[in-house]
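Participant: Before we start, here is the structure in question, set down as structure tokens.
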Amino acid sequence: MVRILLAEDDDAMREYLARALEKAGYQVSAVDRGTAAIPLLESEHFDLLLTDIVMPEMDGIELAQKAGIIAPDMRVMFITGFAAVTLKAGKAVPQAKVLSKPFHLRDLVMEVDRMFEVGTATGNI
């Protein structure tokens, strides 16, 4: 089962996203800030870091950069409502996918599905 670490500081959004991903068959661990994600990254295996970019204490870009050191094979997807921040994320973590808010839950699940279908297909070659 694909394991996702979700870092989102908005309580309602975090619960909404976690529920949708769990319904789609993913195992989700959710935290309310980047600093809470680091200990989980160090002690558990995750296939995807799904993180908001703008969060208190540690933003999603910094979290993704630290995650890249801790778990270099983990994929990253950013979610953000700020267009300017999207450009910064793309430069800082070029292999990451960026999903701009507002988005439909179906689009999020489709993007995650696509990431792992591609990974599974190329991983068996």
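For the structure tokens, the naming scheme is as follows: chains receive sequential letters (A, B, ...) according to their order of presentation, residues are indexed from 1 within each chain, and ligands are indexed from 1 in presentation order.
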From a DSSP calculation on the backbone, collect every residue of chain A in alpha helix (DSSP H) and output the set as a ChimeraX atom specification.

Facilitator: /A:11-23,34-43,60-70,83-92,105-123

Participant: Tell me, counting only C-alpha atoms, for each residue of segment 59-108 of chain A within 10 Å of segment 16-22 of chain A, which pair of atoms is nearest and how far apart they are in Å to one decimal, in rows ordered by chain and increasing number, as a tab-separated table.

Facilitator:
residue	atom	partner	partner_atom	distance
A:Leu105	CA	A:Ala20	CA	6.7
A:Arg106	CA	A:Ala20	CA	8.4
A:Leu108	CA	A:Leu21	CA	8.4

Participant: Any chance you can output those residues with all heavy atoms as a compact mmCIF listing (two decimals), in the first residue's frame?

Facilitator:
# COMPACT_ATOMS: atom_id res chain seq x y z
N LEU A 105 -11.01 17.35 -5.23
CA LEU A 105 -10.39 16.15 -4.64
C LEU A 105 -10.12 15.09 -5.70
O LEU A 105 -9.12 14.38 -5.64
CB LEU A 105 -11.29 15.57 -3.55
CG LEU A 105 -11.28 16.33 -2.24
CD1 LEU A 105 -12.22 15.67 -1.26
CD2 LEU A 105 -9.88 16.41 -1.67
N ARG A 106 -10.99 14.99 -6.68
CA ARG A 106 -10.81 14.02 -7.76
C ARG A 106 -9.48 14.29 -8.48
O ARG A 106 -8.77 13.37 -8.85
CB ARG A 106 -12.00 14.12 -8.72
CG ARG A 106 -11.96 13.17 -9.89
CD ARG A 106 -13.21 13.28 -10.77
NE ARG A 106 -13.48 14.64 -11.19
CZ ARG A 106 -14.61 15.32 -10.90
NH1 ARG A 106 -15.56 14.76 -10.19
NH2 ARG A 106 -14.78 16.54 -11.32
N LEU A 108 -6.77 15.73 -7.21
CA LEU A 108 -5.68 15.33 -6.32
C LEU A 108 -5.46 13.82 -6.40
O LEU A 108 -4.34 13.35 -6.60
CB LEU A 108 -5.97 15.75 -4.88
CG LEU A 108 -4.99 15.18 -3.84
CD1 LEU A 108 -3.60 15.74 -4.03
CD2 LEU A 108 -5.49 15.45 -2.44

Participant: With only C-alpha atoms as the counted atoms, please give the residues lying no more than 7 Å from Thr80 of chain A, apart from itself and same-chain residues fewer than 3 positions off, as a PDB file with C-alpha atoms, in the first residue's frame.

Facilitator:
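Result file is around_25.pdb:
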ATOM      1  CA  ASP A  52       1.232  22.679   1.690  1.00  0.00           C
ATOM      2  CA  ILE A  53       3.925  25.229   0.893  1.00  0.00           C
ATOM      3  CA  LEU A  99      -1.154  21.352  -7.425  1.00  0.00           C
ATOM      4  CA  SER A 100      -2.691  24.816  -7.093  1.00  0.00           C
ATOM      5  CA  LYS A 101      -5.646  25.520  -4.795  1.00  0.00           C
TER       6      LYS A 101
END

Participant: Excluding same-chain residues fewer than 3 positions from Val2 of chain A, what lies within 7 Å of it counting only C-alpha atoms, as a list in words?

Facilitator: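 My list of contacting residues is Tyr26, Gln27 and Asp47 of chain A.
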
Participant: Take the residues from that selection and write them out as an mmCIF file, in the first residue's frame, keeping N, CA and C atoms.

Facilitator:
data_model
loop_
_atom_site.group_PDB
_atom_site.id
_atom_site.type_symbol
_atom_site.label_atom_id
_atom_site.label_comp_id
_atom_site.auth_asym_id
_atom_site.auth_seq_id
_atom_site.Cartn_x
_atom_site.Cartn_y
_atom_site.Cartn_z
ATOM 1 N N TYR A 26 -5.215 4.864 -0.171
ATOM 2 C CA TYR A 26 -3.879 5.214 0.310
ATOM 3 C C TYR A 26 -3.848 5.216 1.836
ATOM 4 N N GLN A 27 -2.683 4.934 2.392
ATOM 5 C CA GLN A 27 -2.507 5.039 3.845
ATOM 6 C C GLN A 27 -1.920 6.425 4.105
ATOM 7 N N ASP A 47 5.968 6.879 0.744
ATOM 8 C CA ASP A 47 6.179 6.908 -0.699
ATOM 9 C C ASP A 47 6.008 8.314 -1.263
#

Participant: What's the 8 Å shell around Met55 of chain A, counting only C-alpha atoms, without same-chain residues fewer than 2 positions away, as an mmCIF file with all heavy atoms, in the first residue's frame?

Facilitator:
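Printed below is part24.cif as written:
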data_model
loop_
_atom_site.group_PDB
_atom_site.id
_atom_site.type_symbol
_atom_site.label_atom_id
_atom_site.label_comp_id
_atom_site.auth_asym_id
_atom_site.auth_seq_id
_atom_site.Cartn_x
_atom_site.Cartn_y
_atom_site.Cartn_z
ATOM 1 N N GLU A 8 -0.171 19.724 6.337
ATOM 2 C CA GLU A 8 -1.113 20.813 6.005
ATOM 3 C C GLU A 8 -1.534 21.475 7.301
ATOM 4 O O GLU A 8 -2.025 20.798 8.202
ATOM 5 C CB GLU A 8 -2.319 20.228 5.261
ATOM 6 C CG GLU A 8 -3.512 21.140 5.123
ATOM 7 C CD GLU A 8 -3.260 22.391 4.301
ATOM 8 O OE1 GLU A 8 -2.993 22.277 3.099
ATOM 9 O OE2 GLU A 8 -3.334 23.500 4.888
ATOM 10 N N ASP A 9 -1.326 22.792 7.395
ATOM 11 C CA ASP A 9 -1.611 23.492 8.648
ATOM 12 C C ASP A 9 -3.083 23.822 8.849
ATOM 13 O O ASP A 9 -3.520 24.047 9.966
ATOM 14 C CB ASP A 9 -0.752 24.760 8.777
ATOM 15 C CG ASP A 9 -1.009 25.768 7.675
ATOM 16 O OD1 ASP A 9 -1.146 25.357 6.501
ATOM 17 O OD2 ASP A 9 -1.049 26.966 7.972
ATOM 18 N N ARG A 33 2.145 20.607 10.618
ATOM 19 C CA ARG A 33 3.275 21.505 10.315
ATOM 20 C C ARG A 33 4.473 20.689 9.858
ATOM 21 O O ARG A 33 4.581 19.497 10.164
ATOM 22 C CB ARG A 33 3.636 22.340 11.540
ATOM 23 C CG ARG A 33 4.107 21.494 12.706
ATOM 24 C CD ARG A 33 4.141 22.232 14.017
ATOM 25 N NE ARG A 33 2.773 22.520 14.374
ATOM 26 C CZ ARG A 33 2.372 23.607 15.019
ATOM 27 N NH1 ARG A 33 3.239 24.466 15.435
ATOM 28 N NH2 ARG A 33 1.108 23.803 15.285
ATOM 29 N N GLY A 34 5.376 21.368 9.171
ATOM 30 C CA GLY A 34 6.572 20.698 8.661
ATOM 31 C C GLY A 34 7.453 20.127 9.752
ATOM 32 O O GLY A 34 7.997 19.031 9.604
ATOM 33 N N ASP A 52 1.557 21.286 1.976
ATOM 34 C CA ASP A 52 1.232 22.679 1.690
ATOM 35 C C ASP A 52 2.577 23.407 1.658
ATOM 36 O O ASP A 52 3.534 22.981 2.298
ATOM 37 C CB ASP A 52 0.345 23.240 2.804
ATOM 38 C CG ASP A 52 -0.261 24.591 2.467
ATOM 39 O OD1 ASP A 52 -0.053 25.089 1.333
ATOM 40 O OD2 ASP A 52 -0.935 25.155 3.336
ATOM 41 N N ILE A 53 2.660 24.488 0.931
ATOM 42 C CA ILE A 53 3.925 25.229 0.893
ATOM 43 C C ILE A 53 3.970 26.244 2.022
ATOM 44 O O ILE A 53 4.960 26.338 2.738
ATOM 45 C CB ILE A 53 4.134 25.909 -0.479
ATOM 46 C CG1 ILE A 53 4.296 24.828 -1.554
ATOM 47 C CG2 ILE A 53 5.353 26.817 -0.436
ATOM 48 C CD1 ILE A 53 4.453 25.361 -2.958
ATOM 49 N N GLU A 57 6.447 27.833 11.078
ATOM 50 C CA GLU A 57 7.639 27.139 11.574
ATOM 51 C C GLU A 57 8.570 26.670 10.462
ATOM 52 O O GLU A 57 9.737 26.984 10.463
ATOM 53 C CB GLU A 57 7.295 25.967 12.494
ATOM 54 C CG GLU A 57 6.640 26.389 13.782
ATOM 55 C CD GLU A 57 6.306 25.209 14.677
ATOM 56 O OE1 GLU A 57 6.860 24.107 14.491
ATOM 57 O OE2 GLU A 57 5.475 25.395 15.579
ATOM 58 N N MET A 58 8.074 25.864 9.543
ATOM 59 C CA MET A 58 8.879 25.369 8.429
ATOM 60 C C MET A 58 7.969 25.265 7.217
ATOM 61 O O MET A 58 6.951 24.582 7.260
ATOM 62 C CB MET A 58 9.450 23.984 8.768
ATOM 63 C CG MET A 58 10.196 23.332 7.624
ATOM 64 S SD MET A 58 10.651 21.601 7.965
ATOM 65 C CE MET A 58 11.805 21.808 9.296
ATOM 66 N N ASP A 59 8.329 25.952 6.127
ATOM 67 C CA ASP A 59 7.454 25.882 4.958
ATOM 68 C C ASP A 59 7.639 24.554 4.226
ATOM 69 O O ASP A 59 8.567 23.780 4.494
ATOM 70 C CB ASP A 59 7.629 27.099 4.047
ATOM 71 C CG ASP A 59 8.964 27.152 3.321
ATOM 72 O OD1 ASP A 59 9.561 26.092 3.033
ATOM 73 O OD2 ASP A 59 9.411 28.272 3.007
ATOM 74 N N GLY A 60 6.741 24.288 3.308
ATOM 75 C CA GLY A 60 6.749 23.019 2.593
ATOM 76 C C GLY A 60 7.981 22.810 1.735
ATOM 77 O O GLY A 60 8.422 21.682 1.534
#

Participant: Leaving out Glu111 of chain A and any residue of its chain fewer than 3 positions from it, which residues lie within 12 Å of it when counting only C-alpha atoms, given as a ChimeraX atom specification?

Facilitator: /A:21,24,48,50,76-79,96-99,103-108,114-118

Participant: Which residues in segment 22-53 of chain A does DSSP call strand (DSSP E or B)? List them as a PyMOL selection string.

Facilitator: chain A and resi 27-31+48-52

Participant: Restrict the selected residues to C-alpha atoms and save them as a PDB file, in the first residue's frame.

Facilitator:
ATOM      1  CA  GLN A  27      -2.507   5.039   3.845  1.00  0.00           C
ATOM      2  CA  VAL A  28      -2.188   8.602   5.162  1.00  0.00           C
ATOM      3  CA  SER A  29      -0.333  10.033   8.157  1.00  0.00           C
ATOM      4  CA  ALA A  30      -1.276  13.687   8.620  1.00  0.00           C
ATOM      5  CA  VAL A  31       0.552  16.425  10.537  1.00  0.00           C
ATOM      6  CA  LEU A  48       4.891  10.475  -1.048  1.00  0.00           C
ATOM      7  CA  LEU A  49       5.224  13.731   0.841  1.00  0.00           C
ATOM      8  CA  LEU A  50       2.112  15.821   0.127  1.00  0.00           C
ATOM      9  CA  THR A  51       2.702  19.224   1.641  1.00  0.00           C
ATOM     10  CA  ASP A  52       1.232  22.679   1.690  1.00  0.00           C
TER      11      ASP A  52
END

Participant: A:Pro94, A:Gly81, A:Pro39, A:Pro102: which is nearest Ile61 of chain A, counting only C-alpha atoms?

Facilitator: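 Nearest candidate to Ile61 of chain A out of A:Pro94, A:Gly81, A:Pro39, A:Pro102: A:Pro94.
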
Participant: Which one is closest to Phe46 of chain A: A:Ala7, A:Ala71, A:Met110, A:Ala12? Count only C-alpha atoms.

Facilitator: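 Among A:Ala7, A:Ala71, A:Met110, A:Ala12, it is A:Ala71 that comes nearest to Phe46 of chain A.
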
Participant: Have a look at atom CA of Asp113 of chain A and atom CA of Lys23 of chain A and let me know their distance in Å, one decimal.

Facilitator: 12.7 Å
